file coords.cif (mmCIF, C-alpha atoms)
data_protein
#
loop_
_atom_site.label_atom_id
_atom_site.label_comp_id
_atom_site.auth_asym_id
_atom_site.auth_seq_id
_atom_site.Cartn_x
_atom_site.Cartn_y
_atom_site.Cartn_z
CA MET A 15 -10.02 -4.63 -5.99
CA HIS A 16 -6.46 -3.71 -6.90
CA GLU A 17 -6.13 -7.32 -8.06
CA TYR A 18 -7.23 -6.17 -11.53
CA SER A 19 -4.46 -3.62 -11.88
CA LEU A 20 -1.92 -6.15 -10.55
CA ALA A 21 -3.21 -8.83 -12.93
CA HIS A 22 -2.97 -6.31 -15.74
CA SER A 23 0.67 -5.54 -14.88
CA LEU A 24 1.46 -9.27 -14.70
CA LEU A 25 -0.14 -9.80 -18.11
CA GLU A 26 1.67 -6.85 -19.68
CA GLY A 27 4.99 -8.13 -18.32
CA LEU A 28 4.32 -11.66 -19.53
CA LEU A 29 3.26 -10.60 -23.05
CA GLU A 30 6.36 -8.42 -23.31
CA HIS A 31 8.50 -11.34 -22.15
CA LEU A 32 6.84 -13.69 -24.66
CA SER A 33 7.42 -11.36 -27.59
CA ALA A 34 11.15 -11.44 -26.77
CA HIS A 35 11.21 -15.15 -25.80
CA PRO A 36 8.50 -16.90 -27.82
CA VAL A 37 7.17 -20.19 -26.47
CA GLU A 38 6.14 -23.14 -28.63
CA GLY A 39 2.95 -24.75 -27.42
CA ARG A 40 0.10 -23.67 -25.21
CA ILE A 41 0.72 -21.99 -21.86
CA VAL A 42 -1.52 -23.75 -19.36
CA LYS A 43 -0.15 -22.48 -16.07
CA VAL A 44 1.52 -19.27 -15.01
CA HIS A 45 3.43 -19.64 -11.74
CA VAL A 46 3.27 -16.52 -9.60
CA ARG A 47 5.27 -15.77 -6.47
CA GLN A 48 3.40 -13.55 -4.02
CA GLY A 49 5.02 -11.98 -0.97
CA GLU A 50 3.15 -12.57 2.26
CA LEU A 51 2.86 -8.87 3.07
CA LEU A 52 0.79 -8.08 0.00
CA ILE A 53 -2.84 -7.60 0.82
CA LEU A 54 -4.52 -9.27 -2.08
CA SER A 55 -7.10 -11.92 -2.70
CA GLN A 56 -5.69 -14.86 -4.66
CA GLU A 57 -9.17 -15.76 -5.89
CA ALA A 58 -9.75 -12.23 -7.20
CA LEU A 59 -6.33 -12.22 -8.87
CA LYS A 60 -7.12 -15.54 -10.60
CA GLU A 61 -10.52 -14.29 -11.70
CA ALA A 62 -9.01 -11.04 -13.02
CA TRP A 63 -6.45 -13.12 -14.93
CA ARG A 64 -9.20 -15.23 -16.53
CA ILE A 65 -11.02 -12.11 -17.72
CA LEU A 66 -8.03 -10.02 -18.78
CA THR A 67 -6.31 -12.80 -20.75
CA GLU A 68 -9.32 -13.38 -23.02
CA GLY A 69 -8.29 -12.78 -26.61
CA THR A 70 -4.55 -12.79 -25.77
CA PRO A 71 -2.00 -15.51 -26.58
CA VAL A 72 -2.22 -16.70 -22.95
CA ALA A 73 -6.01 -17.05 -22.88
CA GLY A 74 -7.09 -20.16 -21.00
CA SER A 75 -4.01 -20.22 -18.80
CA GLU A 76 -4.39 -20.39 -15.04
CA LEU A 77 -2.49 -18.63 -12.33
CA GLU A 78 -0.77 -20.85 -9.78
CA ILE A 79 0.07 -18.60 -6.84
CA GLU A 80 2.68 -19.48 -4.25
CA GLN A 81 2.84 -17.27 -1.17
CA VAL A 82 6.39 -16.71 0.08
CA PRO A 83 7.17 -15.67 3.66
CA VAL A 84 8.56 -12.40 4.88
CA GLU A 85 12.29 -12.04 5.36
CA VAL A 86 13.59 -9.23 7.56
CA ARG A 87 16.94 -7.62 8.34
CA CYS A 88 17.72 -5.85 11.59
CA PRO A 89 19.83 -2.70 11.32
CA GLY A 90 20.38 -2.93 15.09
CA CYS A 91 21.85 -6.40 15.70
CA GLY A 92 22.35 -7.64 12.14
CA TYR A 93 19.77 -10.46 12.32
CA GLN A 94 18.52 -11.60 8.94
CA GLY A 95 15.87 -14.25 8.43
CA ASP A 96 12.26 -15.12 9.21
CA ALA A 97 10.00 -12.65 10.96
CA ARG A 98 8.33 -13.38 14.28
CA TYR A 99 4.62 -14.10 13.97
CA LEU A 100 1.72 -13.09 16.12
CA ALA A 101 -0.34 -16.22 16.55
CA GLU A 102 -2.86 -15.61 19.30
CA GLU A 103 -6.37 -16.82 19.68
CA GLY A 104 -8.84 -14.41 18.09
CA TRP A 105 -6.55 -13.50 15.21
CA HIS A 106 -7.58 -15.30 12.10
CA GLN A 107 -4.20 -15.57 10.45
CA ALA A 108 -0.55 -15.56 11.55
CA ILE A 109 0.64 -11.97 11.31
CA PRO A 110 4.30 -11.23 10.51
CA ILE A 111 5.66 -8.69 12.99
CA LEU A 112 8.12 -6.15 11.62
CA ALA A 113 10.29 -6.07 14.74
CA CYS A 114 13.52 -8.00 15.21
CA PRO A 115 12.92 -11.50 16.70
CA GLU A 116 16.31 -11.19 18.44
CA CYS A 117 16.51 -7.64 19.80
CA GLY A 118 13.09 -6.11 19.10
CA ALA A 119 14.34 -3.21 16.95
CA GLN A 120 12.42 -2.09 13.88
CA VAL A 121 13.46 -4.15 10.86
CA GLU A 122 13.86 -3.64 7.12
CA ILE A 123 11.89 -5.86 4.77
CA VAL A 124 14.16 -7.99 2.57
CA ALA A 125 11.41 -10.08 0.97
CA GLY A 126 7.67 -10.40 1.31
CA ARG A 127 6.36 -7.63 -0.93
CA ASP A 128 7.12 -9.31 -4.24
CA LEU A 129 4.79 -10.24 -7.07
CA ALA A 130 6.52 -12.01 -9.95
CA ILE A 131 5.98 -14.65 -12.61
CA ASP A 132 8.65 -17.27 -12.03
CA ALA A 133 7.74 -19.98 -14.52
CA LEU A 134 5.27 -21.19 -17.14
CA THR A 135 3.87 -24.66 -17.67
CA VAL A 136 3.61 -25.31 -21.39
CA GLU A 137 1.68 -28.05 -23.13
CA GLY A 138 2.85 -29.02 -26.59
CA PRO A 139 5.15 -31.38 -28.40
CA SER A 140 7.73 -28.93 -29.68
CA GLY A 141 8.56 -26.83 -26.66
CA PRO A 142 12.09 -26.53 -25.29
CA PRO A 143 13.01 -28.73 -22.31
CA ALA A 144 12.18 -27.57 -18.80
CA GLY A 145 14.44 -24.96 -17.31
CA GLN A 146 15.52 -23.49 -20.64
CA ASP A 147 14.94 -19.76 -21.03
CA MET B 24 3.99 -30.71 -20.43
CA HIS B 25 7.07 -28.87 -19.39
CA GLU B 26 8.03 -25.89 -17.32
CA ILE B 27 9.84 -22.80 -18.53
CA LYS B 28 11.54 -20.40 -16.13
CA THR B 29 10.67 -16.82 -16.92
CA GLY B 30 12.23 -14.63 -14.26
CA PHE B 31 11.35 -11.39 -16.06
CA GLY B 32 11.15 -9.65 -12.76
CA ASP B 33 8.92 -8.46 -10.07
CA ILE B 34 6.11 -6.22 -11.30
CA LEU B 35 5.98 -4.39 -8.00
CA LYS B 36 9.68 -3.53 -8.29
CA ARG B 37 8.70 -1.15 -11.10
CA GLN B 38 6.31 0.54 -8.67
CA LEU B 39 9.09 0.73 -6.12
CA GLU B 40 11.47 2.30 -8.64
CA LEU B 41 8.89 4.95 -9.56
CA ALA B 42 8.28 5.60 -5.86
CA GLU B 43 12.01 6.06 -5.33
CA ARG B 44 12.07 8.59 -8.15
CA ASN B 45 9.28 10.55 -6.43
CA TYR B 46 11.13 10.31 -3.14
CA GLU B 47 14.29 11.73 -4.67
CA LEU B 48 12.41 14.56 -6.40
CA LEU B 49 10.68 15.53 -3.15
CA ALA B 50 13.93 15.32 -1.16
CA ASP B 51 15.72 17.38 -3.79
CA ARG B 52 13.06 20.11 -3.56
CA GLY B 53 13.08 19.98 0.24
CA VAL B 54 9.46 18.83 0.48
CA ARG B 55 8.32 16.43 3.21
CA ALA B 56 5.42 14.38 1.89
CA ILE B 57 2.88 12.29 3.81
CA ASN B 58 0.70 9.61 2.19
CA VAL B 59 -2.64 9.79 4.01
CA MET B 60 -4.65 6.58 3.68
CA GLY B 61 -7.92 5.36 5.15
CA ALA B 62 -11.46 4.27 4.40
CA ILE B 63 -14.10 6.53 2.86
CA GLY B 64 -15.40 8.82 5.58
CA SER B 65 -12.62 8.16 8.09
CA GLY B 66 -11.89 11.91 8.17
CA LYS B 67 -8.74 12.20 6.07
CA THR B 68 -9.60 15.53 4.46
CA VAL B 69 -10.69 17.29 7.66
CA LEU B 70 -7.63 15.97 9.46
CA ILE B 71 -5.33 17.24 6.68
CA LEU B 72 -7.00 20.66 6.84
CA GLN B 73 -6.47 20.76 10.62
CA LEU B 74 -2.84 19.68 10.35
CA ALA B 75 -2.31 22.28 7.60
CA GLN B 76 -3.86 25.08 9.62
CA ARG B 77 -1.59 24.40 12.60
CA LEU B 78 1.48 24.07 10.42
CA GLN B 79 0.69 27.33 8.64
CA ALA B 80 0.37 29.07 11.99
CA LYS B 81 3.97 27.99 12.62
CA GLY B 82 5.09 29.43 9.29
CA VAL B 83 5.28 26.07 7.49
CA ARG B 84 4.05 26.16 3.88
CA VAL B 85 1.61 23.31 3.19
CA GLY B 86 0.24 21.82 -0.03
CA ALA B 87 -2.16 18.98 -0.72
CA ILE B 88 -2.96 16.52 -3.49
CA ALA B 89 -6.43 14.98 -3.48
CA GLY B 90 -6.67 11.45 -4.86
CA ASP B 91 -10.16 10.32 -5.74
CA VAL B 92 -11.78 7.91 -8.16
CA ALA B 93 -13.81 10.83 -9.52
CA GLY B 94 -14.72 14.39 -8.66
CA ASP B 95 -12.93 17.40 -7.25
CA ASP B 96 -14.75 17.88 -3.94
CA ASP B 97 -11.68 17.36 -1.74
CA PHE B 98 -9.56 19.40 -4.14
CA LYS B 99 -12.03 22.29 -3.74
CA ARG B 100 -11.81 21.96 0.05
CA PHE B 101 -8.02 22.32 -0.17
CA GLN B 102 -8.40 25.26 -2.57
CA THR B 103 -10.88 26.99 -0.28
CA ALA B 104 -8.38 26.60 2.57
CA GLY B 105 -5.85 28.40 0.38
CA LEU B 106 -3.50 25.43 -0.02
CA PRO B 107 -1.54 24.96 -3.24
CA SER B 108 -3.30 21.82 -4.44
CA ALA B 109 -3.96 19.37 -7.21
CA VAL B 110 -6.35 16.52 -7.90
CA ILE B 111 -5.64 13.04 -9.22
CA ASN B 112 -8.67 11.20 -10.54
CA THR B 113 -7.89 7.52 -10.86
CA GLY B 114 -10.92 6.76 -13.05
CA ASP B 115 -11.42 3.17 -12.05
CA ASP B 116 -8.50 2.39 -9.78
CA CYS B 117 -9.04 2.01 -6.06
CA HIS B 118 -5.64 3.48 -5.10
CA LEU B 119 -3.02 6.03 -6.08
CA ASP B 120 0.22 4.72 -7.52
CA ALA B 121 3.71 6.14 -7.88
CA HIS B 122 3.28 6.68 -11.62
CA ARG B 123 0.21 8.90 -11.26
CA VAL B 124 1.72 10.78 -8.32
CA GLY B 125 4.93 11.31 -10.31
CA HIS B 126 2.96 13.07 -13.04
CA ALA B 127 1.12 15.22 -10.51
CA LEU B 128 4.39 16.19 -8.80
CA LYS B 129 5.83 17.40 -12.12
CA GLU B 130 2.99 19.92 -12.41
CA PHE B 131 2.87 20.83 -8.74
CA PRO B 132 4.40 24.11 -7.44
CA LEU B 133 6.81 22.23 -5.16
CA SER B 134 8.91 25.33 -4.52
CA ALA B 135 5.88 26.87 -2.77
CA VAL B 136 5.52 24.16 -0.11
CA ASP B 137 7.52 22.59 2.73
CA VAL B 138 5.03 19.85 3.57
CA LEU B 139 2.80 18.03 1.09
CA PHE B 140 -0.15 15.87 2.11
CA ILE B 141 -1.16 13.31 -0.51
CA GLU B 142 -4.66 12.11 0.26
CA ASN B 143 -5.10 8.63 -1.15
CA VAL B 144 -8.35 7.21 -2.54
CA GLY B 145 -10.81 6.40 0.25
CA ASN B 146 -10.01 2.72 0.72
CA LEU B 147 -8.34 1.07 3.69
CA VAL B 148 -6.91 -1.93 1.87
CA CYS B 149 -5.62 -1.42 -1.68
CA PRO B 150 -3.39 1.69 -1.28
CA ALA B 151 -1.17 -0.26 1.14
CA ASP B 152 0.39 -2.28 -1.69
CA PHE B 153 1.46 0.81 -3.65
CA PRO B 154 4.26 2.94 -2.18
CA LEU B 155 4.18 6.52 -3.48
CA GLY B 156 7.63 7.68 -2.44
CA THR B 157 6.48 9.77 0.50
CA GLU B 158 8.60 10.27 3.59
CA GLN B 159 5.87 8.86 5.84
CA ASP B 160 2.56 7.04 5.69
CA LEU B 161 -0.38 7.90 7.89
CA VAL B 162 -3.48 5.73 8.17
CA VAL B 163 -6.67 7.34 9.44
CA ILE B 164 -9.40 5.12 10.86
CA SER B 165 -12.49 6.27 12.70
CA VAL B 166 -14.11 4.69 15.72
CA THR B 167 -17.33 4.44 13.69
CA GLU B 168 -15.64 1.70 11.66
CA GLY B 169 -15.72 -0.53 14.75
CA ASP B 170 -13.19 -1.62 17.37
CA ASP B 171 -12.08 -4.63 15.33
CA MET B 172 -10.47 -2.72 12.46
CA VAL B 173 -6.95 -3.91 13.27
CA ARG B 174 -8.08 -7.53 13.58
CA LYS B 175 -9.83 -7.29 10.23
CA HIS B 176 -6.81 -5.79 8.47
CA PRO B 177 -3.81 -6.99 10.49
CA LYS B 178 -1.24 -7.02 7.67
CA MET B 179 -2.12 -3.45 6.79
CA PHE B 180 -1.51 -2.24 10.35
CA ALA B 181 1.61 -4.39 10.78
CA GLN B 182 3.12 -2.25 8.00
CA THR B 183 1.77 1.16 9.07
CA ASP B 184 3.91 3.23 11.41
CA VAL B 185 1.50 6.06 12.27
CA VAL B 186 -2.24 5.63 12.85
CA ALA B 187 -4.77 8.32 13.73
CA ILE B 188 -7.85 6.90 15.45
CA ASN B 189 -10.32 9.60 14.55
CA LYS B 190 -13.81 10.71 15.63
CA ILE B 191 -13.13 9.71 19.23
CA ASP B 192 -15.87 12.16 20.24
CA LEU B 193 -18.26 9.54 18.82
CA ALA B 194 -16.70 6.55 20.58
CA GLU B 195 -19.25 6.36 23.37
CA ILE B 196 -22.20 6.88 21.02
CA VAL B 197 -21.16 3.96 18.80
CA GLY B 198 -20.05 1.84 21.78
CA VAL B 199 -16.41 1.53 20.80
CA ASP B 200 -13.45 1.61 23.17
CA PRO B 201 -10.58 3.30 21.28
CA GLN B 202 -8.06 1.68 23.67
CA LYS B 203 -9.00 -1.73 22.29
CA ILE B 204 -7.94 -0.54 18.82
CA VAL B 205 -4.69 0.82 20.29
CA GLU B 206 -3.95 -2.50 22.07
CA ASP B 207 -4.57 -4.55 18.91
CA TYR B 208 -2.36 -2.18 16.94
CA ARG B 209 0.51 -2.51 19.46
CA LYS B 210 0.35 -6.28 19.09
CA VAL B 211 0.78 -6.25 15.31
CA ASN B 212 3.16 -3.29 15.27
CA PRO B 213 5.29 -2.82 18.39
CA HIS B 214 7.01 0.24 16.87
CA GLY B 215 3.85 1.92 15.57
CA ARG B 216 2.45 5.12 17.05
CA ALA B 217 -1.29 5.59 17.49
CA VAL B 218 -2.87 8.98 18.20
CA LEU B 219 -6.49 9.54 19.24
CA THR B 220 -7.99 12.44 17.32
CA ASP B 221 -11.21 14.30 16.77
CA ALA B 222 -10.38 16.23 13.63
CA ARG B 223 -13.53 18.42 13.76
CA SER B 224 -12.64 19.94 17.13
CA GLY B 225 -8.88 19.66 16.61
CA ARG B 226 -8.38 17.33 19.56
CA GLY B 227 -5.18 15.28 19.25
CA VAL B 228 -4.00 17.14 16.14
CA GLU B 229 -0.99 18.74 17.87
CA GLU B 230 0.06 15.33 19.17
CA LEU B 231 -0.26 13.86 15.68
CA LEU B 232 1.97 16.63 14.33
CA ALA B 233 4.56 15.78 16.97
CA VAL B 234 4.41 12.05 16.11
CA LEU B 235 4.88 12.89 12.43
CA GLY B 236 7.81 15.11 13.40
CA LEU B 237 6.26 18.12 11.65
#
call {"tool": "encode", "arguments": {"input": "coords.cif", "output": "C-alpha cells"}}
result
Amino acid sequence: MHEYSLAHSLLEGLLEHLSAHPVEGRIVKVHVRQGELLILSQEALKEAWRILTEGTPVAGSELEIEQVPVEVRCPGCGYQGDARYLAEEGWHQAIPILACPECGAQVEIVAGRDLAIDALTVEGPSGPPAGQD
Amino acid sequence: MHEIKTGFGDILKRQLELAERNYELLADRGVRAINVMGAIGSGKTVLILQLAQRLQAKGVRVGAIAGDVAGDDDFKRFQTAGLPSAVINTGDDCHLDAHRVGHALKEFPLSAVDVLFIENVGNLVCPADFPLGTEQDLVVISVTEGDDMVRKHPKMFAQTDVVAINKIDLAEIVGVDPQKIVEDYRKVNPHGRAVLTDARSGRGVEELLAVLGL
C-alpha cells in the first residue's frame, strides 16, 4: 500500500509546480511515467490519486500511467540498452533480469525505477498551446 | 484540450538523494549498514540477533534500528541483547524511507558501532521501492510462506542480491522444498546469493555472515 505515499509525493510535487507555473483551465489528465522495476499497483495509485486530490486544485483529474522499460549498463563489457527478460511458462509476467545480455555480468540500472509526472492534459479555452512550459 | 509538459522531476529521485546522504554519512563514520526486509514473521529480528551475537564474538560492534508501524517490541529485543538501538515508528506507512532513517541516524550513537542492521517494516513488497542508503540489502523469507514466493514477487527478487530462506527446520512439516525457492531465485537473479537458515538454532547464520562479507 505504498501507493498512497507515492501518490502523495506526486501530488505535492505537482501542486508545487503549479504554484510556480500556473495553468489556465481544468487539469483533466496527469501523465505519469512509471519505471518497470517499481513494484506498485497502477489501480491502487489511481485510486489513491482520486482520494488525495479531493479539495485540491487538481481534484477530478485522472492519472494516465505509462510503464517504461528497464535500461541497463554493463560495467564489464560496456553494453547499454534493454535488459534480458525471463519469459518462461509458469511465470505470470516478463521479468527483467539484471545481468548483462551480452556477457552476463551484473549490471547497473540506468532507467526503470522512475516515477515522474511528464505532462498534463488541460481542458479550457485560454490555456497556452501544447508543449509550452 | 491541450497538453502541457511539466518535467518537474522524478519524485523517487528525491528519495535516492536522501538515501545517498545516508550512505555518505554511514561511510564517513565507518559504519556498514544492512537493510533487512521481509514479511511479518519471516524471522528478521531473530536472525539479526543471531548475526549480532556472532559478530560480537568476533569483536565487531553491532547496532540495530527497529522499523515498525507501531510499538517497540523489536526495539526492546535489541535492547535486551545489549545492542545500541533505536526505533522508528512509521505510523501508517508500510515501509521505512531514507528521510525517516536519516533522522534516526542523526540521533544514533554511530561511533559506537561498526555494523548497523536496519530492520524494515514487516512487509515483503513496499520497502523494495525505497532505498535507505545502506551498503547492502538482505531479504528474509521463511519456508512457511510457501515455495512460490519468488514467483509471486519476481521483480522484488530480481533486485535483491542476498536472500535468507529461513525456518528451514520447518520445511518438511509445511511440505516445502527450499531448493525450489533457490532455483526460482537463480532464474530471476543470476548474481544473487541465497542462504538456507534456521535462525532459532543458528543454522546457516555463519554462511550468511560470509555472504554479507561481515
call {"tool": "atom_distance", "arguments": {"input": "coords.cif", "atom1": "atom CA of A:Ser75", "atom2": "atom CA of A:Leu54"}}
result
20.0 Å
call {"tool": "interface_residues", "arguments": {"input": "coords.cif", "of": "chain B", "to": "chain A", "cutoff": "9 Å", "atoms": "all atoms listed in the file", "output": "JSON, numbers by chain"}}
result
{"B": [24, 25, 26, 27, 28, 29, 30, 31, 32, 33, 34, 35, 36, 116, 117, 118, 148, 149, 150, 151, 152, 174, 175, 176, 177, 178, 179, 181, 182, 210, 211, 212, 213, 214]}
call {"tool": "atom_distance", "arguments": {"input": "coords.cif", "atom1": "atom CA of B:Phe101", "atom2": "atom CA of B:Ile71"}}
result
8.9 Å
call {"tool": "resolve_selection", "arguments": {"input": "coords.cif", "expression": "the PyMOL selection byres ((chain A and resi 63) around 10)", "output": "MDAnalysis selection string"}}
result
chainID A and resid 17:18 20:22 24:25 57:62 64:68 72:77
call {"tool": "closest_residue", "arguments": {"input": "coords.cif", "among": "B:Gln38, B:Asn45, B:Asn189, B:Thr113", "to": "B:Gly61", "atoms": "only C-alpha atoms"}}
result
B:Asn189
call {"tool": "closest_residue", "arguments": {"input": "coords.cif", "among": "A:Gln56, A:Thr70, A:Arg98, A:Val124", "to": "A:Val86", "atoms": "all atoms listed in the file"}}
result
A:Val124
call {"tool": "atom_distance", "arguments": {"input": "coords.cif", "atom1": "atom CA of B:Thr167", "atom2": "atom CA of B:Val197"}}
result
6.4 Å
call {"tool": "resolve_selection", "arguments": {"input": "coords.cif", "expression": "the PyMOL selection byres ((chain B and resi 165) around 8)", "output": "number ranges by chain"}}
result
B: 65-66, 163-164, 166-169, 188-191
call {"tool": "resolve_selection", "arguments": {"input": "coords.cif", "expression": "the PyMOL selection byres ((chain B and resi 88-93) around 9)", "output": "ChimeraX atom specification"}}
result
/B:68,86-87,94-98,101,107-119,124,127,131,139-145
call {"tool": "closest_residue", "arguments": {"input": "coords.cif", "among": "A:Glu103, A:Glu38, A:Glu80, A:Asp96", "to": "A:Ile123", "atoms": "all atoms listed in the file"}}
result
A:Asp96
call {"tool": "closest_residue", "arguments": {"input": "coords.cif", "among": "B:Met60, B:Val136, B:Leu78, B:Leu49", "to": "B:Ala187", "atoms": "only C-alpha atoms"}}
result
B:Met60
call {"tool": "closest_residue", "arguments": {"input": "coords.cif", "among": "A:Glu122, A:Ala34, A:Cys91, A:Gly49", "to": "A:Ile79", "atoms": "all atoms listed in the file"}}
result
A:Gly49
call {"tool": "closest_residue", "arguments": {"input": "coords.cif", "among": "B:Leu133, B:Arg37, B:Val54, B:Asp192", "to": "B:Gly227", "atoms": "only C-alpha atoms"}}
result
B:Asp192
